[in-house]
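The block underneath contains the structure these notes are about, expressed in structure tokens.
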Amino acid sequence: PGGCPAIRCADPVECSRVSVVIAEVDAALRALLRATALRGTNTDVSFDAPQAEWSAAKQSRLAAYLYSVVEDTARRAADWDDVRDDRGVVTGRRPPLRRYCLRYLVTAWGGGAEAEHRMLDEVLLALAEQAAIPAEHLSGNLAEADVPVYLSVATNDDPVSDPWSLWRALDTAPRAALELHVLAPLTRPEPVRAAAPVLHRHITTHRIRGGDELVPTERDDAAAREARVPAATAKR
């Protein structure tokens, strides 16, 4: 999922909801990787920024470093959705669903370059055919949203524009890595309650400068309806 403009969290409430999405996506990725690419191993899944000393560690590690969060505005609907009750009556309005692209840099650590490449191979084999994170690995708001959490790995959709700058910023020597993109929905706020439907019309009128009143009243409406009934009957 590429082509998303940078996120701007001007609203603290929205920022907190984005943080919840990040935590739930992290948990879903950890569960998915442990059930597939890392099944039967003791490899740890880390979301910390890569550290050079990890290369010398005895414990192998798969790091999924979240380096970017951007909103996918192309998928956002322009209109609010109607919320209806069992009778089909509109009871509220819900704002459009927002989706965010979470971009991870996946690296393998421990056991030397060959072992690390094999680990990345397993990740690629496990995720290449996954269009979305399976429902059994989702929890919290992601599970309740009933919206697919899309997944793509090692695609050329909006890759890191300057990987060398990223590695320099991490103060780590460049190494083999996979880009993992997740498109997740943001938890929607509560719908805005709709106003009660209009059942009766009451009009209060007054004369302006003593002239004749031209604003129809409830009595005038009733008289107009009665006048139309005989006319319609006569045409038959």
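Ordering of the structure tokens sets the chain letters (A, B, ...), residue numbers begin anew at 1 in every chain, and ligands are numbered from 1 in the order given.
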
Q | Expected answer as a PyMOL selection string: alpha helix (DSSP H) residues in region 63-163 of chain A | A | chain A and resi 112-127+140-145+163

Dump C-alpha atoms for the selected residues as a PDB file, in the first residue's frame?
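Generated output (part_6.pdb):
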ATOM      1  CA  GLY A 112      26.080 -15.179  10.743  1.00  0.00           C
ATOM      2  CA  ALA A 113      24.981 -13.975   7.332  1.00  0.00           C
ATOM      3  CA  GLU A 114      23.890 -17.406   6.028  1.00  0.00           C
ATOM      4  CA  ALA A 115      21.653 -18.101   9.018  1.00  0.00           C
ATOM      5  CA  GLU A 116      20.203 -14.597   8.829  1.00  0.00           C
ATOM      6  CA  HIS A 117      19.453 -14.967   5.120  1.00  0.00           C
ATOM      7  CA  ARG A 118      17.699 -18.274   5.768  1.00  0.00           C
ATOM      8  CA  MET A 119      15.565 -16.560   8.371  1.00  0.00           C
ATOM      9  CA  LEU A 120      14.585 -13.855   5.886  1.00  0.00           C
ATOM     10  CA  ASP A 121      13.841 -16.620   3.368  1.00  0.00           C
ATOM     11  CA  GLU A 122      11.369 -18.141   5.815  1.00  0.00           C
ATOM     12  CA  VAL A 123       9.686 -14.776   6.346  1.00  0.00           C
ATOM     13  CA  LEU A 124       9.398 -14.215   2.601  1.00  0.00           C
ATOM     14  CA  LEU A 125       7.968 -17.702   2.011  1.00  0.00           C
ATOM     15  CA  ALA A 126       5.473 -17.317   4.861  1.00  0.00           C
ATOM     16  CA  LEU A 127       4.180 -13.854   3.961  1.00  0.00           C
ATOM     17  CA  GLY A 140      -8.836  -5.962  20.246  1.00  0.00           C
ATOM     18  CA  ASN A 141     -10.211  -3.284  17.948  1.00  0.00           C
ATOM     19  CA  LEU A 142      -8.711  -4.863  14.832  1.00  0.00           C
ATOM     20  CA  ALA A 143     -10.717  -8.030  15.443  1.00  0.00           C
ATOM     21  CA  GLU A 144     -13.912  -6.111  16.196  1.00  0.00           C
ATOM     22  CA  ALA A 145     -13.621  -3.831  13.140  1.00  0.00           C
ATOM     23  CA  PRO A 163      17.957   3.325   2.560  1.00  0.00           C
TER      24      PRO A 163
END

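Checking A:Ala176, A:Leu138, A:Val70, A:Val182 one by one against Ala27 (chain A), counting only C-alpha atoms, you find the shortest gap at A:Leu138.
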
(Q) Using only C-alpha atoms for the distances, tell me which of A:Pro174, A:Tyr100, A:Leu62, A:Ala194 is nearest to Ala37 (chain A). (A) A:Leu62

Q.
DSSP on the backbone, strand (DSSP E) only: what residues of region 54-117 of chain A does that give? Format it as a PyMOL selection string.
A. chain A and resi 61-71+81-84+90-94+99-109

Determine, counting only C-alpha atoms, which protein, DNA and RNA residues have an atom within 9 Å of an atom of Pro185 (chain A); residues of the same chain fewer than 4 positions away are not included. Present the result as a PDB file with N, CA and C atoms, in the first residue's frame.
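This went into around.pdb:
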ATOM      1  N   VAL A  21      -3.719   1.314  17.354  1.00  0.00           N
ATOM      2  CA  VAL A  21      -3.604   0.527  16.131  1.00  0.00           C
ATOM      3  C   VAL A  21      -2.205  -0.039  15.989  1.00  0.00           C
ATOM      4  N   LEU A  97     -14.182   5.783   7.548  1.00  0.00           N
ATOM      5  CA  LEU A  97     -13.138   4.937   8.113  1.00  0.00           C
ATOM      6  C   LEU A  97     -11.775   5.403   7.618  1.00  0.00           C
ATOM      7  N   ARG A  98     -10.829   5.527   8.517  1.00  0.00           N
ATOM      8  CA  ARG A  98      -9.453   5.899   8.166  1.00  0.00           C
ATOM      9  C   ARG A  98      -8.572   4.650   8.202  1.00  0.00           C
ATOM     10  N   ARG A  99      -7.676   4.546   7.230  1.00  0.00           N
ATOM     11  CA  ARG A  99      -6.715   3.438   7.192  1.00  0.00           C
ATOM     12  C   ARG A  99      -5.299   4.003   7.181  1.00  0.00           C
ATOM     13  N   TYR A 100      -4.400   3.298   7.853  1.00  0.00           N
ATOM     14  CA  TYR A 100      -3.020   3.763   7.951  1.00  0.00           C
ATOM     15  C   TYR A 100      -2.046   2.690   7.470  1.00  0.00           C
ATOM     16  N   LEU A 142      -8.899  -4.330  16.181  1.00  0.00           N
ATOM     17  CA  LEU A 142      -8.711  -4.863  14.832  1.00  0.00           C
ATOM     18  C   LEU A 142      -9.633  -6.051  14.585  1.00  0.00           C
ATOM     19  N   ALA A 145     -13.318  -4.688  14.293  1.00  0.00           N
ATOM     20  CA  ALA A 145     -13.621  -3.831  13.140  1.00  0.00           C
ATOM     21  C   ALA A 145     -14.171  -4.609  11.969  1.00  0.00           C
ATOM     22  N   VAL A 147     -12.718  -5.600   9.333  1.00  0.00           N
ATOM     23  CA  VAL A 147     -12.158  -5.018   8.108  1.00  0.00           C
ATOM     24  C   VAL A 147     -10.813  -5.688   7.864  1.00  0.00           C
ATOM     25  N   PRO A 148     -10.516  -6.109   6.633  1.00  0.00           N
ATOM     26  CA  PRO A 148      -9.229  -6.777   6.372  1.00  0.00           C
ATOM     27  C   PRO A 148      -8.040  -5.902   6.745  1.00  0.00           C
ATOM     28  N   VAL A 149      -7.021  -6.530   7.334  1.00  0.00           N
ATOM     29  CA  VAL A 149      -5.754  -5.857   7.620  1.00  0.00           C
ATOM     30  C   VAL A 149      -4.769  -6.355   6.569  1.00  0.00           C
TER      31      VAL A 149
END

Set the distance at 10 Å and use only C-alpha atoms: which residues neighbour Ala195 (chain A) once local chain neighbours fewer than 3 positions away are removed? I'd like the list as a PDB file with N, CA and C atoms, in the first residue's frame.
ATOM      1  N   VAL A  90     -32.659   5.885  10.619  1.00  0.00           N
ATOM      2  CA  VAL A  90     -31.333   6.447  10.869  1.00  0.00           C
ATOM      3  C   VAL A  90     -31.261   6.981  12.297  1.00  0.00           C
ATOM      4  N   THR A  91     -30.352   6.449  13.075  1.00  0.00           N
ATOM      5  CA  THR A  91     -30.201   6.873  14.468  1.00  0.00           C
ATOM      6  C   THR A  91     -28.923   7.672  14.696  1.00  0.00           C
ATOM      7  N   GLY A  92     -28.031   7.673  13.704  1.00  0.00           N
ATOM      8  CA  GLY A  92     -26.780   8.405  13.873  1.00  0.00           C
ATOM      9  C   GLY A  92     -25.993   8.441  12.577  1.00  0.00           C
ATOM     10  N   VAL A 192     -22.279  10.067  15.698  1.00  0.00           N
ATOM     11  CA  VAL A 192     -22.989  11.261  16.161  1.00  0.00           C
ATOM     12  C   VAL A 192     -24.486  10.974  16.104  1.00  0.00           C
ATOM     13  N   VAL A 198     -38.946  14.741  12.005  1.00  0.00           N
ATOM     14  CA  VAL A 198     -40.037  15.708  12.130  1.00  0.00           C
ATOM     15  C   VAL A 198     -41.360  14.993  11.893  1.00  0.00           C
TER      16      VAL A 198
END

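Taking CA of Arg93 (chain A) as the reference point, CA of Trp80 (chain A) is found at 6.2 Å.
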